There are 6 protein chains.
Amino acid sequence: MSKPVVVRNVELPPSDAVAALEKYGVSTVHEAQGRIGLLASYMRPIYPGATIAGSAVTVSLPPGDNLMIHVAVEVCTKGSILVVAPTSPCTDGYFGELLATSLRAHGVKGLVIEAGVRDVGPLTEMKFPVWSRAVSSQGTVKATLGSVNVPIVCASASIHPGDVVVADDDGVVVVKRADAERVAAASKQRVDKEDAVRKKLASGELGLDIYSLRAKLKELGLEYK
Amino acid sequence: MSKPVVVRNVELPPSDAVAALEKYGVSTVHEAQGRIGLLASYMRPIYPGATIAGSAVTVSLPPGDNLMIHVAVEVCTKGSILVVAPTSPCTDGYFGELLATSLRAHGVKGLVIEAGVRDVGPLTEMKFPVWSRAVSSQGTVKATLGSVNVPIVCASASIHPGDVVVADDDGVVVVKRADAERVAAASKQRVDKEDAVRKKLASGELGLDIYSLRAKLKELGLEYK
Amino acid sequence: MSKPVVVRNVELPPSDAVAALEKYGVSTVHEAQGRIGLLASYMRPIYPGATIAGSAVTVSLPPGDNLMIHVAVEVCTKGSILVVAPTSPCTDGYFGELLATSLRAHGVKGLVIEAGVRDVGPLTEMKFPVWSRAVSSQGTVKATLGSVNVPIVCASASIHPGDVVVADDDGVVVVKRADAERVAAASKQRVDKEDAVRKKLASGELGLDIYSLRAKLKELGLEYK
Amino acid sequence: MSKPVVVRNVELPPSDAVAALEKYGVSTVHEAQGRIGLLASYMRPIYPGATIAGSAVTVSLPPGDNLMIHVAVEVCTKGSILVVAPTSPCTDGYFGELLATSLRAHGVKGLVIEAGVRDVGPLTEMKFPVWSRAVSSQGTVKATLGSVNVPIVCASASIHPGDVVVADDDGVVVVKRADAERVAAASKQRVDKEDAVRKKLASGELGLDIYSLRAKLKELGLEYK
Amino acid sequence: MSKPVVVRNVELPPSDAVAALEKYGVSTVHEAQGRIGLLASYMRPIYPGATIAGSAVTVSLPPGDNLMIHVAVEVCTKGSILVVAPTSPCTDGYFGELLATSLRAHGVKGLVIEAGVRDVGPLTEMKFPVWSRAVSSQGTVKATLGSVNVPIVCASASIHPGDVVVADDDGVVVVKRADAERVAAASKQRVDKEDAVRKKLASGELGLDIYSLRAKLKELGLEYK
Amino acid sequence: MSKPVVVRNVELPPSDAVAALEKYGVSTVHEAQGRIGLLASYMRPIYPGATIAGSAVTVSLPPGDNLMIHVAVEVCTKGSILVVAPTSPCTDGYFGELLATSLRAHGVKGLVIEAGVRDVGPLTEMKFPVWSRAVSSQGTVKATLGSVNVPIVCASASIHPGDVVVADDDGVVVVKRADAERVAAASKQRVDKEDAVRKKLASGELGLDIYSLRAKLKELGLEYK
């Protein structure tokens, strides 16, 4: 095993940028930062309509063992999002309503886990949002160490502690801490631009004209019949 | 590459038949036409409760490239359903709320795409129905041609432009344009017949008796203990 | 083929225990009985929010053939849950609103099927809960025998007729008939204990302290930085 | 059900073209005909090293029922390739060494089946090549009709009777009968061109130069560090 | 957790029957016992050509923890086949060349594991056959108990200790200990019958005639064109 | 898009360490470095028996577009292994025998690609080893930029240019350049230790005794019957 560690103190992303990214949502943020940082599309919310952004507290742990989630609670702070990846594929229900109660008491906004979750009924009622790979009642043991606040790969994305995680109905995206402000600004620009385009499209104008694509189609040799 | 083309004019199915098929829904229509034309079951609606039927505008395009969706908007007409299949498996989010705004402005009723879609929150709010293989924020480029209104295979079903596509919570089925009226009539017959059966079943009568299955069970040798 | 049979009379589980298990739900019951009996996590409800428990009427049948579901209706009784497994993987829609009407007339509470279901719109409206592997309009024939009320493996779980099946948003779990009362009692104990823990967690106390995990972490060699 | 039929007489593709396509193999043929007609990549050979091309005898049949394969043998001729697709996803072993013996006696070169196959040991020994979605001993019944020599969709490709099917370690591709000679000629051109390119590449010359890509990279804005 | 136990003494199946079943192979045995007992088709051999049959030593263990395989070695005997199922889906490499060396020293013929295996190069060289769901180098810990020689569900099949497991290139099938002799006899009958059929088929006779299917086709209404 | 770049010069890992890691193979190396760095188990070799280790040249590219592989050839050096990951899931055949010829001319030892490969017959003949997610003839275009020699996530593993990639029949593992010597040494230790264990196991000694597990079993409460 690589040496298990818990890193207590993590530099947080600027809170204004986090608030802005939460407002813009996953698809806009992902585009605005150049189409990087998206988690795999099998990461789905347990109920529709939630949008959150926060600072990642990362957890790497073994299949079928949630000891390190209990450890992680202690280093979470207001505005954290817990991001959990097992060291090999696992659908076990690492997390349920009791842990959500605990996380909420510590200000955590939600969970992103490349594994299973359970108690989705109660979690939905208490509006604690979770993005997971599976729903499963299969419990876990508390026998083996992992690490907290180390770099991880979660659902094909590389995530560092303190990165901004944004999650909504479209999925989950990670923004590097150092990029948060730049990406928030770029998101705003994108949204403003889209507002203008939306009006044109709603009036029946064509994307072909708005984006000046007709010349390209001709050059590429598209034939109309 | 096979030569990319856009076919502008497509013969439309009879609008009465389309309206009838929309009323009957996927499972009834699929049965009524002899259990053909069903798309693979991984095609799922982004929100529950929508039912649509319309004339297919088909799009064949490369993985990760939605140029041809922009091209297709121009040839859509009131009552169209856009049906999109990539030339190889892809979960990218080819389509979002801006394109939906554009399609709606041209009278399109919904989208069927054997790939990914994004902006599912906004699409749900604006009630633009989509049946897709995945939800993904991953954007696409506009670099390579494909074809519009050519025969395609989408989610294991062969679809021609102008065929009727019916979609609801059960999935998606295609009815050949020439069969639309016959299948609408057969659907009506089926629904009428089912109304009678439903009453009997609700009163506790058994399918074994209604469908006269007991003799067959005996002949096949079923043993009761 | 192994000889097809229908077993008419099955010993039922104690109704008090069934009622209790329904109240506690899948995750609690699964934990309380020692983490056994869970069905695979691909078994998902067709709509959220339903919780049922009942006595299993089991059906083993061929792919694409639902003759034995019609046979099974006759041996269902008030409080039954129909549990269906094909003899090889199949996503066909074996079951729809007509069969649900029939089952409901005979007091059946719901369906668990390791295959496809259709009419999910109508089933949702009539609040007939189904847990399935797929949604598909693909119909089935009535040509080949199978068996009713024999032991089956459904979604990786071994199920006998008369076992208690519990299903909710978390999935499906089976409790052996002989264990029902013991597991109901253990579930109550678990829930009571969790009530106490929940209060502590909600007040910010840590699981590390409540479950006395700090000594273990030290012994295992966890390093804090 | 759509009316089950067997079409006895099918126009065959030109034998010279078939022989040529067999020589060029799947990847070359697929490229040469403009990247269409490829079956899904889950279609894998049961043993490596076989390459065949032949005229498709198509079979559409129900899940778990191989009656129509027995029917199809009679309409096969020397050089046929049997192409089988179930009407819904199924992994059952529809086919084994006995049917292979029968097909071989009628001159059939191999099997392409979007389902399961069994007896892969004996089939490997007798060098009867099969491309399938699964290997499974699960047998089938002979209870329900389907059709032979009708258009089918097999593994996402649209196939008509008499089309040329080419299969090797890379997978399976279909060439429309009317295109066979043109595609054979285009394949030859492609192979000749590749021979020249191969020599250059083997000597260390770069594709960037052979295909004149450097200008494009510059235009697209690629930065070297 | 359900109480972990190791059952030391298990009644063995008759060795003559085991030897016979090994000779007949999976597909024949599965047919001969009425098409029951087949493991899911994702269980694949790590190299082609091996056929084994033996008495099952069953292991139920947690995801990512192979402690119980080490425990199981001690209760294996000459002719055992180790059959391992994790309590939730896991692809970890529970098993490699060292454990194979140990098992072989105790007379074990092979391994069937619904999880991962590693060292497939060395295992192939030493001709120790394994049927698994995955190949993965991911190691496991030795921290948590499970059970040995209890009934398990492995890859959708119910398996008891002392049942006969047969495995070859077609997959894996289990025969209940009490059925072993009967199934061996039925397998012989089947093989004898198939020898006769094979000769007819090889001479060009049709299955339609050998199995007298023409009347059925007519009755079902098959139309020839 | 994030800015596309090609980094020409990458610090190479020590060649002695690479040679040692190649000798030890994936499973040993993965264990020796603490069970990190393993690529997902769906990465499979196109033919059995190859073992390679080398310095990673990384490529990030769009779905269905292999322009950047052509770019990457130029920056490969003797002993490189090309490691390719698309920015979203794709099974297209990005790579075939011509590119292999080119890579070989530049001293590249093999390819690791989280996508498809084609020409597996010719690649097998020329013994150019490839580990891929799929085999597919589906070609790609050369239209869009990506990056070469930037950090990527490939099959769930984080890989930097100049890291050591080791691949064999068990899969693929990455060792950070800075860790290569330490891991090579740890691998040697592990192999030496295993040699001793293997002898004991081959003589029938039990892992329970060699690893002193009996006390633990007792402490955990394992019951023998």
# chains A, B, ... in the order shown; residues from 1 in each chain; ligands from 1
>>> calpha_fit_and_write(fixed="chain F", moving="chain B", output="short mmCIF file (atom, residue, chain, number, x, y, z; two decimals) with C-alpha atoms, in the first residue's frame")
data_model
loop_
_atom_site.label_atom_id
_atom_site.label_comp_id
_atom_site.auth_asym_id
_atom_site.auth_seq_id
_atom_site.Cartn_x
_atom_site.Cartn_y
_atom_site.Cartn_z
CA MET B 1 -10.77 24.12 -25.97
CA SER B 2 -7.78 24.16 -23.66
CA LYS B 3 -4.79 25.34 -25.69
CA PRO B 4 -3.33 22.46 -27.77
CA VAL B 5 0.40 22.00 -27.33
CA VAL B 6 3.18 19.58 -28.20
CA VAL B 7 5.99 19.28 -25.71
CA ARG B 8 9.06 18.11 -27.58
CA ASN B 9 11.49 17.34 -24.82
CA VAL B 10 10.61 15.14 -21.93
CA GLU B 11 12.91 13.92 -19.22
CA LEU B 12 13.33 10.17 -19.61
CA PRO B 13 13.27 7.59 -16.82
CA PRO B 14 16.53 5.76 -16.02
CA SER B 15 16.93 2.99 -18.60
CA ASP B 16 18.15 0.41 -16.08
CA ALA B 17 15.02 0.86 -14.03
CA VAL B 18 12.85 0.55 -17.15
CA ALA B 19 14.57 -2.69 -18.11
CA ALA B 20 14.08 -4.07 -14.61
CA LEU B 21 10.40 -3.11 -14.51
CA GLU B 22 9.87 -4.83 -17.87
CA LYS B 23 11.36 -7.99 -16.43
CA TYR B 24 9.13 -7.99 -13.35
CA GLY B 25 5.84 -7.38 -15.11
CA VAL B 26 2.65 -5.54 -14.22
CA SER B 27 1.37 -7.37 -11.16
CA THR B 28 4.70 -7.38 -9.35
CA VAL B 29 5.39 -3.73 -10.17
CA HIS B 30 1.90 -2.68 -9.12
CA GLU B 31 2.31 -4.40 -5.76
CA ALA B 32 5.86 -3.16 -5.30
CA GLN B 33 4.85 0.48 -5.67
CA GLY B 34 2.00 0.23 -3.19
CA ARG B 35 -0.92 -0.72 -5.44
CA ILE B 36 -1.21 2.54 -7.32
CA GLY B 37 -1.08 3.41 -10.99
CA LEU B 38 -3.08 0.52 -12.46
CA LEU B 39 -5.11 1.23 -15.60
CA ALA B 40 -8.71 -0.02 -15.72
CA SER B 41 -9.09 -3.73 -16.41
CA TYR B 42 -10.88 -3.18 -19.73
CA MET B 43 -7.47 -2.40 -21.25
CA ARG B 44 -6.59 -5.70 -22.90
CA PRO B 45 -3.73 -6.84 -25.13
CA ILE B 46 -4.58 -7.67 -28.75
CA TYR B 47 -2.52 -10.88 -28.49
CA PRO B 48 -1.20 -12.81 -25.48
CA GLY B 49 2.40 -13.05 -24.36
CA ALA B 50 3.85 -9.57 -24.88
CA THR B 51 5.54 -7.69 -22.02
CA ILE B 52 6.93 -4.19 -22.50
CA ALA B 53 8.07 -1.24 -20.42
CA GLY B 54 9.01 2.18 -21.71
CA SER B 55 8.79 5.91 -21.35
CA ALA B 56 5.33 7.34 -21.92
CA VAL B 57 4.67 9.74 -24.76
CA THR B 58 1.17 10.92 -23.93
CA VAL B 59 -1.53 11.99 -26.39
CA SER B 60 -4.85 13.67 -25.61
CA LEU B 61 -7.13 13.84 -28.64
CA PRO B 62 -10.77 14.21 -29.66
CA PRO B 63 -13.17 11.30 -30.29
CA GLY B 64 -12.84 10.02 -33.85
CA ASP B 65 -9.78 12.06 -34.78
CA ASN B 66 -6.20 10.74 -34.84
CA LEU B 67 -4.38 13.79 -36.15
CA MET B 68 -2.37 14.03 -32.93
CA ILE B 69 -1.04 10.47 -33.19
CA HIS B 70 0.64 11.51 -36.41
CA VAL B 71 2.02 14.53 -34.60
CA ALA B 72 3.24 12.39 -31.70
CA VAL B 73 5.38 10.08 -33.84
CA GLU B 74 7.88 12.87 -34.35
CA VAL B 75 8.54 13.31 -30.64
CA CYS B 76 8.85 9.59 -29.91
CA THR B 77 12.30 8.19 -29.28
CA LYS B 78 13.81 4.74 -28.91
CA GLY B 79 12.04 2.99 -26.05
CA SER B 80 8.92 5.16 -26.04
CA ILE B 81 5.47 3.75 -25.42
CA LEU B 82 2.66 5.79 -26.93
CA VAL B 83 -0.22 6.36 -24.49
CA VAL B 84 -3.41 7.72 -26.01
CA ALA B 85 -6.63 8.88 -24.35
CA PRO B 86 -9.60 10.48 -26.13
CA THR B 87 -11.31 13.40 -24.42
CA SER B 88 -14.55 11.43 -24.30
CA PRO B 89 -15.31 7.69 -24.57
CA CYS B 90 -14.70 6.39 -28.10
CA THR B 91 -14.11 2.95 -29.59
CA ASP B 92 -12.93 4.07 -33.03
CA GLY B 93 -9.91 2.38 -34.57
CA TYR B 94 -7.43 5.26 -34.26
CA PHE B 95 -4.46 3.06 -35.03
CA GLY B 96 -3.45 0.30 -37.43
CA GLU B 97 -0.55 -1.39 -39.09
CA LEU B 98 0.71 1.66 -41.01
CA LEU B 99 1.08 3.75 -37.87
CA ALA B 100 2.71 0.77 -36.16
CA THR B 101 5.23 0.60 -39.00
CA SER B 102 5.96 4.28 -38.48
CA LEU B 103 6.26 3.99 -34.69
CA ARG B 104 8.52 0.97 -34.98
CA ALA B 105 10.79 2.89 -37.36
CA HIS B 106 11.17 5.42 -34.54
CA GLY B 107 11.92 2.82 -31.89
CA VAL B 108 8.54 2.81 -30.17
CA LYS B 109 7.86 -0.43 -28.26
CA GLY B 110 4.08 -0.46 -28.25
CA LEU B 111 0.79 1.37 -27.83
CA VAL B 112 -1.63 1.83 -24.93
CA ILE B 113 -4.90 3.38 -26.10
CA GLU B 114 -8.18 3.90 -24.25
CA ALA B 115 -10.06 3.52 -27.52
CA GLY B 116 -10.10 1.16 -30.50
CA VAL B 117 -7.38 -0.33 -32.67
CA ARG B 118 -7.60 -2.09 -36.06
CA ASP B 119 -5.45 -4.36 -38.24
CA VAL B 120 -5.05 -6.69 -35.27
CA GLY B 121 -4.16 -9.55 -37.59
CA PRO B 122 -1.22 -7.68 -39.21
CA LEU B 123 -0.21 -6.14 -35.86
CA THR B 124 -0.07 -9.63 -34.35
CA GLU B 125 2.04 -10.86 -37.24
CA MET B 126 4.52 -8.02 -36.93
CA LYS B 127 4.48 -8.43 -33.12
CA PHE B 128 3.66 -4.83 -32.41
CA PRO B 129 1.90 -5.00 -29.03
CA VAL B 130 -1.18 -2.92 -28.31
CA TRP B 131 -3.35 -2.64 -25.22
CA SER B 132 -6.75 -1.17 -26.07
CA ARG B 133 -10.34 -0.83 -24.94
CA ALA B 134 -11.76 -2.16 -28.20
CA VAL B 135 -11.00 -3.55 -31.62
CA SER B 136 -12.73 -1.59 -34.37
CA SER B 137 -12.21 -0.91 -38.06
CA GLN B 138 -13.96 2.42 -37.72
CA GLY B 139 -11.53 4.97 -39.06
CA THR B 140 -10.88 8.47 -37.81
CA VAL B 141 -10.46 11.90 -39.38
CA LYS B 142 -7.55 14.33 -39.10
CA ALA B 143 -9.41 17.57 -38.41
CA THR B 144 -8.95 18.70 -34.83
CA LEU B 145 -6.01 19.39 -32.53
CA GLY B 146 -5.19 17.84 -29.18
CA SER B 147 -2.00 17.76 -27.16
CA VAL B 148 1.15 15.65 -26.96
CA ASN B 149 3.23 15.14 -23.83
CA VAL B 150 0.85 16.72 -21.39
CA PRO B 151 -0.49 15.01 -18.25
CA ILE B 152 -3.49 12.82 -19.10
CA VAL B 153 -5.92 10.44 -17.42
CA CYS B 154 -5.92 7.17 -19.37
CA ALA B 155 -8.24 4.34 -18.28
CA SER B 156 -8.58 5.88 -14.79
CA ALA B 157 -4.82 6.35 -14.26
CA SER B 158 -3.03 9.68 -14.12
CA ILE B 159 -0.05 9.57 -16.52
CA HIS B 160 2.68 12.17 -17.12
CA PRO B 161 5.06 12.20 -20.08
CA GLY B 162 8.24 10.38 -19.13
CA ASP B 163 6.51 8.11 -16.63
CA VAL B 164 7.28 4.42 -17.07
CA VAL B 165 4.47 2.37 -18.54
CA VAL B 166 4.59 -1.41 -18.02
CA ALA B 167 2.18 -3.67 -19.91
CA ASP B 168 1.68 -7.42 -20.14
CA ASP B 169 -1.11 -10.00 -20.13
CA ASP B 170 -2.32 -8.70 -16.76
CA GLY B 171 -2.89 -5.18 -18.06
CA VAL B 172 -1.08 -1.86 -17.79
CA VAL B 173 0.50 0.02 -14.89
CA VAL B 174 2.22 3.38 -14.73
CA VAL B 175 5.21 4.20 -12.50
CA LYS B 176 6.12 7.84 -11.96
CA ARG B 177 9.50 8.65 -13.44
CA ALA B 178 10.88 9.69 -10.07
CA ASP B 179 9.77 6.39 -8.52
CA ALA B 180 11.17 4.09 -11.21
CA GLU B 181 14.37 3.08 -9.46
CA ARG B 182 12.77 2.67 -6.06
CA VAL B 183 9.95 0.58 -7.51
CA ALA B 184 12.40 -1.56 -9.51
CA ALA B 185 14.30 -2.29 -6.31
CA ALA B 186 11.10 -3.03 -4.40
CA SER B 187 10.00 -5.32 -7.22
CA LYS B 188 13.22 -7.26 -6.94
CA GLN B 189 12.72 -7.66 -3.21
CA ARG B 190 9.19 -8.83 -3.76
CA VAL B 191 10.20 -11.40 -6.38
CA ASP B 192 12.95 -12.74 -4.15
CA LYS B 193 10.55 -13.08 -1.26
CA GLU B 194 7.96 -14.76 -3.47
CA ASP B 195 10.53 -17.31 -4.64
CA ALA B 196 10.91 -18.49 -1.08
CA VAL B 197 7.16 -18.55 -0.48
CA ARG B 198 6.55 -20.40 -3.73
CA LYS B 199 8.79 -23.26 -2.69
CA LYS B 200 6.96 -23.67 0.59
CA LEU B 201 3.55 -23.53 -1.10
CA ALA B 202 4.63 -26.04 -3.75
CA SER B 203 5.59 -28.44 -0.96
CA GLY B 204 2.08 -28.20 0.45
CA GLU B 205 2.68 -25.76 3.26
CA LEU B 206 -0.30 -23.47 3.82
CA GLY B 207 -0.46 -19.71 3.36
CA LEU B 208 -2.31 -19.63 6.69
CA ASP B 209 0.93 -20.74 8.33
CA ILE B 210 3.44 -18.97 6.09
CA TYR B 211 1.67 -15.64 6.57
CA SER B 212 0.78 -16.40 10.24
CA LEU B 213 -2.92 -15.82 9.66
CA ARG B 214 -4.37 -18.28 12.16
CA ALA B 215 -4.23 -15.92 15.11
CA LYS B 216 -6.02 -13.24 13.12
CA LEU B 217 -8.75 -15.64 12.06
CA LYS B 218 -9.29 -16.57 15.68
CA GLU B 219 -9.37 -12.94 16.78
CA LEU B 220 -11.87 -12.09 14.05
CA GLY B 221 -14.03 -14.96 15.28
CA LEU B 222 -13.99 -17.44 12.41
CA GLU B 223 -15.86 -20.60 13.30
CA TYR B 224 -14.86 -24.01 11.94
CA LYS B 225 -17.47 -26.74 11.66
#
>>> select_by_dssp(residues="segment 24-123 of chain B", states="alpha helix (DSSP H)", output="PyMOL selection string")
chain B and resi 24+26-32+67-73+97-105+120-123
>>> write_last_selection(atoms="N, CA, C and O atoms", output="mmCIF file, in the first residue's frame")
data_model
loop_
_atom_site.group_PDB
_atom_site.id
_atom_site.type_symbol
_atom_site.label_atom_id
_atom_site.label_comp_id
_atom_site.auth_asym_id
_atom_site.auth_seq_id
_atom_site.Cartn_x
_atom_site.Cartn_y
_atom_site.Cartn_z
ATOM 1 N N TYR B 24 -51.673 6.854 -29.016
ATOM 2 C CA TYR B 24 -51.604 5.466 -28.558
ATOM 3 C C TYR B 24 -50.310 5.145 -27.803
ATOM 4 O O TYR B 24 -50.287 4.275 -26.948
ATOM 5 N N VAL B 26 -45.958 4.298 -27.450
ATOM 6 C CA VAL B 26 -44.955 3.396 -28.021
ATOM 7 C C VAL B 26 -45.344 1.926 -27.933
ATOM 8 O O VAL B 26 -45.282 1.190 -28.923
ATOM 9 N N SER B 27 -45.742 1.460 -26.759
ATOM 10 C CA SER B 27 -45.955 0.021 -26.605
ATOM 11 C C SER B 27 -47.122 -0.456 -27.456
ATOM 12 O O SER B 27 -47.044 -1.511 -28.102
ATOM 13 N N THR B 28 -48.185 0.314 -27.490
ATOM 14 C CA THR B 28 -49.328 -0.078 -28.319
ATOM 15 C C THR B 28 -48.950 -0.060 -29.802
ATOM 16 O O THR B 28 -49.239 -1.002 -30.546
ATOM 17 N N VAL B 29 -48.298 0.988 -30.236
ATOM 18 C CA VAL B 29 -47.907 1.097 -31.644
ATOM 19 C C VAL B 29 -46.972 -0.039 -32.043
ATOM 20 O O VAL B 29 -47.112 -0.651 -33.102
ATOM 21 N N HIS B 30 -46.014 -0.326 -31.175
ATOM 22 C CA HIS B 30 -45.045 -1.382 -31.471
ATOM 23 C C HIS B 30 -45.745 -2.736 -31.642
ATOM 24 O O HIS B 30 -45.447 -3.499 -32.566
ATOM 25 N N GLU B 31 -46.685 -3.016 -30.757
ATOM 26 C CA GLU B 31 -47.462 -4.255 -30.888
ATOM 27 C C GLU B 31 -48.304 -4.234 -32.158
ATOM 28 O O GLU B 31 -48.366 -5.212 -32.908
ATOM 29 N N ALA B 32 -48.968 -3.092 -32.377
ATOM 30 C CA ALA B 32 -49.925 -3.016 -33.481
ATOM 31 C C ALA B 32 -49.250 -3.182 -34.838
ATOM 32 O O ALA B 32 -49.883 -3.616 -35.797
ATOM 33 N N LEU B 67 -21.808 19.534 -36.243
ATOM 34 C CA LEU B 67 -22.029 20.448 -37.362
ATOM 35 C C LEU B 67 -23.342 20.138 -38.083
ATOM 36 O O LEU B 67 -24.127 21.036 -38.416
ATOM 37 N N MET B 68 -23.628 18.870 -38.289
ATOM 38 C CA MET B 68 -24.781 18.503 -39.107
ATOM 39 C C MET B 68 -26.121 18.738 -38.390
ATOM 40 O O MET B 68 -27.167 18.782 -39.037
ATOM 41 N N ILE B 69 -26.097 18.852 -37.076
ATOM 42 C CA ILE B 69 -27.358 19.203 -36.401
ATOM 43 C C ILE B 69 -27.719 20.638 -36.774
ATOM 44 O O ILE B 69 -28.884 20.946 -37.054
ATOM 45 N N HIS B 70 -26.728 21.499 -36.812
ATOM 46 C CA HIS B 70 -26.982 22.876 -37.227
ATOM 47 C C HIS B 70 -27.518 22.912 -38.657
ATOM 48 O O HIS B 70 -28.418 23.678 -38.978
ATOM 49 N N VAL B 71 -26.947 22.060 -39.497
ATOM 50 C CA VAL B 71 -27.428 21.991 -40.875
ATOM 51 C C VAL B 71 -28.872 21.496 -40.920
ATOM 52 O O VAL B 71 -29.694 21.971 -41.708
ATOM 53 N N ALA B 72 -29.185 20.544 -40.067
ATOM 54 C CA ALA B 72 -30.502 19.889 -40.125
ATOM 55 C C ALA B 72 -31.639 20.830 -39.750
ATOM 56 O O ALA B 72 -32.761 20.689 -40.243
ATOM 57 N N VAL B 73 -31.353 21.789 -38.861
ATOM 58 C CA VAL B 73 -32.433 22.680 -38.400
ATOM 59 C C VAL B 73 -33.170 23.295 -39.593
ATOM 60 O O VAL B 73 -34.399 23.363 -39.619
ATOM 61 N N GLU B 97 -29.660 23.369 -24.662
ATOM 62 C CA GLU B 97 -30.829 24.248 -24.640
ATOM 63 C C GLU B 97 -30.856 25.245 -25.797
ATOM 64 O O GLU B 97 -31.943 25.601 -26.281
ATOM 65 N N LEU B 98 -29.690 25.690 -26.278
ATOM 66 C CA LEU B 98 -29.705 26.642 -27.399
ATOM 67 C C LEU B 98 -30.253 25.992 -28.673
ATOM 68 O O LEU B 98 -31.107 26.559 -29.359
ATOM 69 N N LEU B 99 -29.770 24.788 -28.961
ATOM 70 C CA LEU B 99 -30.280 24.089 -30.142
ATOM 71 C C LEU B 99 -31.760 23.767 -29.986
ATOM 72 O O LEU B 99 -32.520 23.789 -30.960
ATOM 73 N N ALA B 100 -32.179 23.467 -28.740
ATOM 74 C CA ALA B 100 -33.606 23.191 -28.516
ATOM 75 C C ALA B 100 -34.439 24.438 -28.809
ATOM 76 O O ALA B 100 -35.528 24.365 -29.392
ATOM 77 N N THR B 101 -33.912 25.597 -28.394
ATOM 78 C CA THR B 101 -34.597 26.857 -28.689
ATOM 79 C C THR B 101 -34.753 27.038 -30.198
ATOM 80 O O THR B 101 -35.818 27.432 -30.690
ATOM 81 N N SER B 102 -33.693 26.730 -30.914
ATOM 82 C CA SER B 102 -33.717 26.858 -32.366
ATOM 83 C C SER B 102 -34.718 25.870 -32.983
ATOM 84 O O SER B 102 -35.542 26.239 -33.816
ATOM 85 N N LEU B 103 -34.656 24.624 -32.566
ATOM 86 C CA LEU B 103 -35.569 23.612 -33.116
ATOM 87 C C LEU B 103 -37.016 23.982 -32.835
ATOM 88 O O LEU B 103 -37.888 23.877 -33.696
ATOM 89 N N ARG B 104 -37.253 24.432 -31.592
ATOM 90 C CA ARG B 104 -38.636 24.789 -31.236
ATOM 91 C C ARG B 104 -39.142 25.931 -32.125
ATOM 92 O O ARG B 104 -40.311 25.924 -32.535
ATOM 93 N N ALA B 105 -38.263 26.898 -32.406
ATOM 94 C CA ALA B 105 -38.663 28.006 -33.270
ATOM 95 C C ALA B 105 -39.055 27.522 -34.656
ATOM 96 O O ALA B 105 -39.774 28.199 -35.389
ATOM 97 N N VAL B 120 -29.849 19.326 -19.310
ATOM 98 C CA VAL B 120 -31.110 18.615 -19.066
ATOM 99 C C VAL B 120 -31.994 19.374 -18.078
ATOM 100 O O VAL B 120 -33.220 19.268 -18.151
ATOM 101 N N GLY B 121 -31.388 20.141 -17.189
ATOM 102 C CA GLY B 121 -32.209 20.979 -16.320
ATOM 103 C C GLY B 121 -33.021 21.988 -17.143
ATOM 104 O O GLY B 121 -34.257 21.965 -17.117
ATOM 105 N N PRO B 122 -32.364 22.873 -17.898
ATOM 106 C CA PRO B 122 -33.096 23.828 -18.746
ATOM 107 C C PRO B 122 -34.043 23.155 -19.746
ATOM 108 O O PRO B 122 -35.143 23.651 -19.975
ATOM 109 N N LEU B 123 -33.623 22.040 -20.337
ATOM 110 C CA LEU B 123 -34.504 21.357 -21.299
ATOM 111 C C LEU B 123 -35.777 20.865 -20.605
ATOM 112 O O LEU B 123 -36.869 20.903 -21.176
#
>>> select_by_dssp(residues="segment 4-213 of chain D", states="strand (DSSP E)", output="ChimeraX atom specification")
/D:5-6,44-45,52-61,80-86,110-117,130-135,147-148,152-154,157-159,164-168,171-175
